[in-house]
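Let me begin by presenting the structure, written as structure tokens, before commenting on it.
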Amino acid sequence: MRARGAETARVLRGLLHLYPVLFAMERHSNCTSSSSENGVLDVKPLRSLAPMFPAPFGFNAITQSTVPPFVRVTPFGSSPAGSDSSYPSGVPPAFPPFSFHKAPNQKPMNPDPVSVATHVGDAHVAMTPGANGSLRASPLSTSAKTPTSGTFWTPSATNVSIDEDEFPSLDDNMPASGRKTKRAGRRGSNQAGSSGTDVKRKRPNKSLNTELPLLPSSSNHPRESVEIVLMTYDALRRRLLQLDEAKDVNRRQDLKAGAIMAGKDLKANAGKRIGPVPGVEIGDIFYFRFEMCLIGLHAPSMAGIDYMTASFSDKDEPVAICIVSAGGYENEDDDVDVLIYSGQGGSGKHDKKQPDDQKLERGNLALERSLHRKNQIRVVRSTKDVSCPTGKIYIYDGLYKIDDSWVEKGKTGFNIFKYKLLREPGQPDGIAVWKMIQKWKENPSSRGRVILPDISSGAENIPVCLINDVDDERGPNHFVYVTTVKYLRHTTSMKPLEGCMCLSVCLPGDTNCFCAQQNDGDLPYNSMGLLVRRKPLIYECSVSCQCSFNCRNRVTQKGIRLHFEVFRTKDRGWGLRSWDPIRAGTFICEYAGEVISKTRVEDDGEEDEYIFQAMYLGEKASRWNCGPELLEDPDINNSNEVFRPFPITISAKNSGNIARFMNHSCSPNVFWQPVLYDHGDEDYPHIMFFAIKHIPPMTELTYDYGLHGDEAGQQEIGTGFMSQRAKKCLCGSPNCQGYFG
DNA sequence: GTGTACTCAAAATT
DNA sequence: CAATTTTGAGTACA
């Protein structure tokens, strides 16, 4: 329609050219099998449960005979479509082995026939004719026409949609005329894009931004797409907050960032679907409702019930697809497998405060229909954010089905609909992890298999326990626990930092603050102490400053703030994880140890597995700042920083802290950032780690050691010095590079 | 296509 | 501090 065809074709060609991987969809799943070593019971798949085989476009096995095959393509994966990942995050099995009755961490392995059969079976039963009527998801709105399963994120390209006419609704049984399409078949979804003629974009593209380095460079894995969207969103939101703080206004950066993202079609999993969302795993956490909108988990920006019209064999009906239980109503959610959820409405209209009976409409009606259709419903639960008592954390808790519903009188005396939801069996723990940790915190002795309650022996602000619930290792080799790096010279003899003259605390927007000036004019952390943008070097306030220790420009110098544990991994020695949820941008820890000279590295480098060199940042970290680019903020674009390596080399072999236990991953959740606070030698900064993304509790913390994918590095494998250190990577992430340094 | 009512937000304010 | 007000975005639906 319209004369947009040519432009669309051009855009698509451009995108094809730029991002060929986006259009290569063939993938096979690595099913995750749980070993039952030691005869452990409870075989269960890891975090991603459903997706056992690829169904890239969310074809729903639509078999309506009057419709030409492959014509009706909906993005709604009511089939077990979804991610094909075993470790979508690439982060080693986030499934925590703290429960001793369960199988410990797993590597991707051959499919476990049992769990595959079970899950496919489950999904099938729900969706197949015969059981409860066949379930065909159908679009509610035009925006749902995206013929993808969300395998990509959607930088415009995946919003390629087929012309409306080619999607007769199920009701108008057969299109009037001329509605046969050229669709070749399943793999044709994106070929349709390349043909250009029968394709149009869903909505005018406000800005293509193809020049932005935002796209996943080496992966078309849905997990990657979701992560990129979330990382970009949060970077943008943090930057907007920083700008607002400097102007002393504060208004909903979450919505502003979300509007910008949505306006540029930077979303994943466009369109609604029943069941799992590709790239979203049980246990994933969110700090804003908008995050869940952008990745296709829960579309409404405020409402708690997400629903869509689905087609059953007899008729179309609204069914609920996702609910958020966040304390707004009288729910019961103490049980990890049962949720009593209240319907919506009745709490008083916008203008009138008067409560009222709830009505069987909207979300309530959809929930009621879901009770009868027995479709899976995603559930998001919430908890209070410990680090920010005014805030909430949303936890994706997996799939449930409605078991019962009734009406009862609420506290105000008016009728409320109640729905009893039961968690589908066989899923990894979601909220259960949180409840478990809560118990540990109340009663530390309930955390079993503790080897040492605090490996820092009191050196850290918070104890760091040592845990092994995998094998019989009693702990790492001896080392001295230190909390910071030890330089070759004492810091007092190093070049000093110049301080600021701010009284009390440094304030954003104060152009006179010398420390802000050093950091390109902004305070590097926001009021919550989160890093706003990665920088070549951060200057924190120091002893030379007039400001107090409470100044917000003192973050990393105060030491760790999270409850960590060093734990035994299944196949990678010791690892590090946290009992606390970690928000993107949070300071994790320093790389402590001794600064050593290059010559010493070469002398005995091969024996030292605890060396840190500031030579390689990692791809994720390089993209961490990309959100603000969307603002087209000239300030930022000019500062287009190139990564600069530092000559510093730190060994944590003999002395170190928790950082020495952080393993490598090609899909890391942590990156390093140079910081100065106690001296001014720019070649020898402190190496501080920050969270790349929101990290659920008990998820292993990893960073990218480098070498992989690096051409120089590759060449060095098997030859020079580096060859001694290059190791086969066991990170298990879908875009694993095979080796790391 | 347009307008509007509705909503388990999130911050600011009282 | 808790309760309340304010400003909201996306969606369904008229």
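Chain labels run A, B, ... following the order of the structure tokens; each chain numbers its residues from 1, and ligands are numbered from 1 in the order shown.
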**Message:** For a quick test of understanding: name the residues of chain C lying within 9 Å of chain A when counting only C-alpha atoms (C1' of nucleotides), and present them as a PyMOL selection string.
**Reply:** chain C and resi 7-12
Give me a file of those residues, with N, CA, C and O atoms (P, O5', C5', C4', C3', O3' and C1' of nucleotides), as a PDB file, in the first residue's frame.
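selection.pdb, freshly written:
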ATOM      1  P    DT C   7       0.535  17.246  36.881  1.00  0.00           P
ATOM      2  O5'  DT C   7       1.165  16.146  35.915  1.00  0.00           O
ATOM      3  C5'  DT C   7       2.513  15.806  36.092  1.00  0.00           C
ATOM      4  C4'  DT C   7       2.784  14.489  35.403  1.00  0.00           C
ATOM      5  C3'  DT C   7       2.282  14.425  33.946  1.00  0.00           C
ATOM      6  O3'  DT C   7       3.368  13.973  33.179  1.00  0.00           O
ATOM      7  C1'  DT C   7       1.654  12.510  35.119  1.00  0.00           C
ATOM      8  P    DG C   8       3.425  14.233  31.670  1.00  0.00           P
ATOM      9  O5'  DG C   8       3.608  12.749  31.102  1.00  0.00           O
ATOM     10  C5'  DG C   8       2.515  11.894  31.208  1.00  0.00           C
ATOM     11  C4'  DG C   8       2.992  10.490  31.417  1.00  0.00           C
ATOM     12  C3'  DG C   8       2.581   9.592  30.253  1.00  0.00           C
ATOM     13  O3'  DG C   8       3.752   9.129  29.609  1.00  0.00           O
ATOM     14  C1'  DG C   8       1.504   8.918  32.305  1.00  0.00           C
ATOM     15  P    DA C   9       3.798   9.248  28.064  1.00  0.00           P
ATOM     16  O5'  DA C   9       3.646   7.695  27.696  1.00  0.00           O
ATOM     17  C5'  DA C   9       4.560   6.773  28.274  1.00  0.00           C
ATOM     18  C4'  DA C   9       4.251   5.384  27.784  1.00  0.00           C
ATOM     19  C3'  DA C   9       3.910   5.311  26.297  1.00  0.00           C
ATOM     20  O3'  DA C   9       4.491   4.115  25.783  1.00  0.00           O
ATOM     21  C1'  DA C   9       1.986   4.778  27.624  1.00  0.00           C
ATOM     22  P    DG C  10       4.290   3.716  24.324  1.00  0.00           P
ATOM     23  O5'  DG C  10       3.189   2.593  24.474  1.00  0.00           O
ATOM     24  C5'  DG C  10       3.501   1.451  25.248  1.00  0.00           C
ATOM     25  C4'  DG C  10       2.263   0.620  25.424  1.00  0.00           C
ATOM     26  C3'  DG C  10       1.614   0.195  24.108  1.00  0.00           C
ATOM     27  O3'  DG C  10       1.452  -1.202  24.159  1.00  0.00           O
ATOM     28  C1'  DG C  10       0.011   1.220  25.535  1.00  0.00           C
ATOM     29  P    DT C  11       1.141  -1.973  22.860  1.00  0.00           P
ATOM     30  O5'  DT C  11      -0.396  -2.364  23.020  1.00  0.00           O
ATOM     31  C5'  DT C  11      -0.802  -3.038  24.186  1.00  0.00           C
ATOM     32  C4'  DT C  11      -2.256  -2.783  24.434  1.00  0.00           C
ATOM     33  C3'  DT C  11      -3.139  -3.050  23.226  1.00  0.00           C
ATOM     34  O3'  DT C  11      -3.701  -4.342  23.392  1.00  0.00           O
ATOM     35  C1'  DT C  11      -3.833  -1.154  24.528  1.00  0.00           C
ATOM     36  P    DA C  12      -4.581  -4.957  22.252  1.00  0.00           P
ATOM     37  O5'  DA C  12      -6.034  -4.576  22.798  1.00  0.00           O
ATOM     38  C5'  DA C  12      -6.389  -4.920  24.118  1.00  0.00           C
ATOM     39  C4'  DA C  12      -7.730  -4.321  24.483  1.00  0.00           C
ATOM     40  C3'  DA C  12      -8.876  -4.711  23.559  1.00  0.00           C
ATOM     41  O3'  DA C  12     -10.032  -4.838  24.358  1.00  0.00           O
ATOM     42  C1'  DA C  12      -8.595  -2.360  23.519  1.00  0.00           C
TER      43       DA C  12
END
**Asked** Any idea what's packed within 10 Å of B:DA12, counting only C-alpha atoms (C1' of nucleotides), ignoring anything in its chain fewer than 5 positions away? Could you give it as a list of chain:residue names?
**Response**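 Within the cut-off, the hits are A:Asn250, A:Arg251, C:DT5, C:DT6.
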**Request:** Specify as a PyMOL selection string all residues of chain A found within 10 Å of chain B, counting only C-alpha atoms (C1' of nucleotides).
**Result:** chain A and resi 250-255+288-290+300-305+323-331+341-345+349-350+362+382+390-392
May I have all residues of stretch 438-479 of chain A that DSSP, computed from the backbone, assigns to strand (DSSP E), given as a PDB file with C-alpha atoms, in the first residue's frame?
ATOM      1  CA  VAL A 450      29.144 -23.871  53.838  1.00  0.00           C
ATOM      2  CA  ILE A 451      32.882 -24.409  53.949  1.00  0.00           C
ATOM      3  CA  LEU A 452      33.721 -20.985  55.313  1.00  0.00           C
ATOM      4  CA  CYS A 465      30.843 -17.343  52.206  1.00  0.00           C
ATOM      5  CA  LEU A 466      32.493 -20.279  50.522  1.00  0.00           C
ATOM      6  CA  ILE A 467      30.140 -22.982  49.316  1.00  0.00           C
TER       7      ILE A 467
END
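Compared by their closest atoms to A:Gln518, and using only C-alpha atoms, the residues A:Gln242, A:Asn553, A:Thr569, A:Asn468 rank with A:Asn553 nearest.
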**Residues of stretch 432-652 of chain A in helix (DSSP H, G or I), written as a PyMOL selection string** = chain A and resi 432-442+444-446+491-493+514-518+556-558+598-607+619-622+626-629+634-638
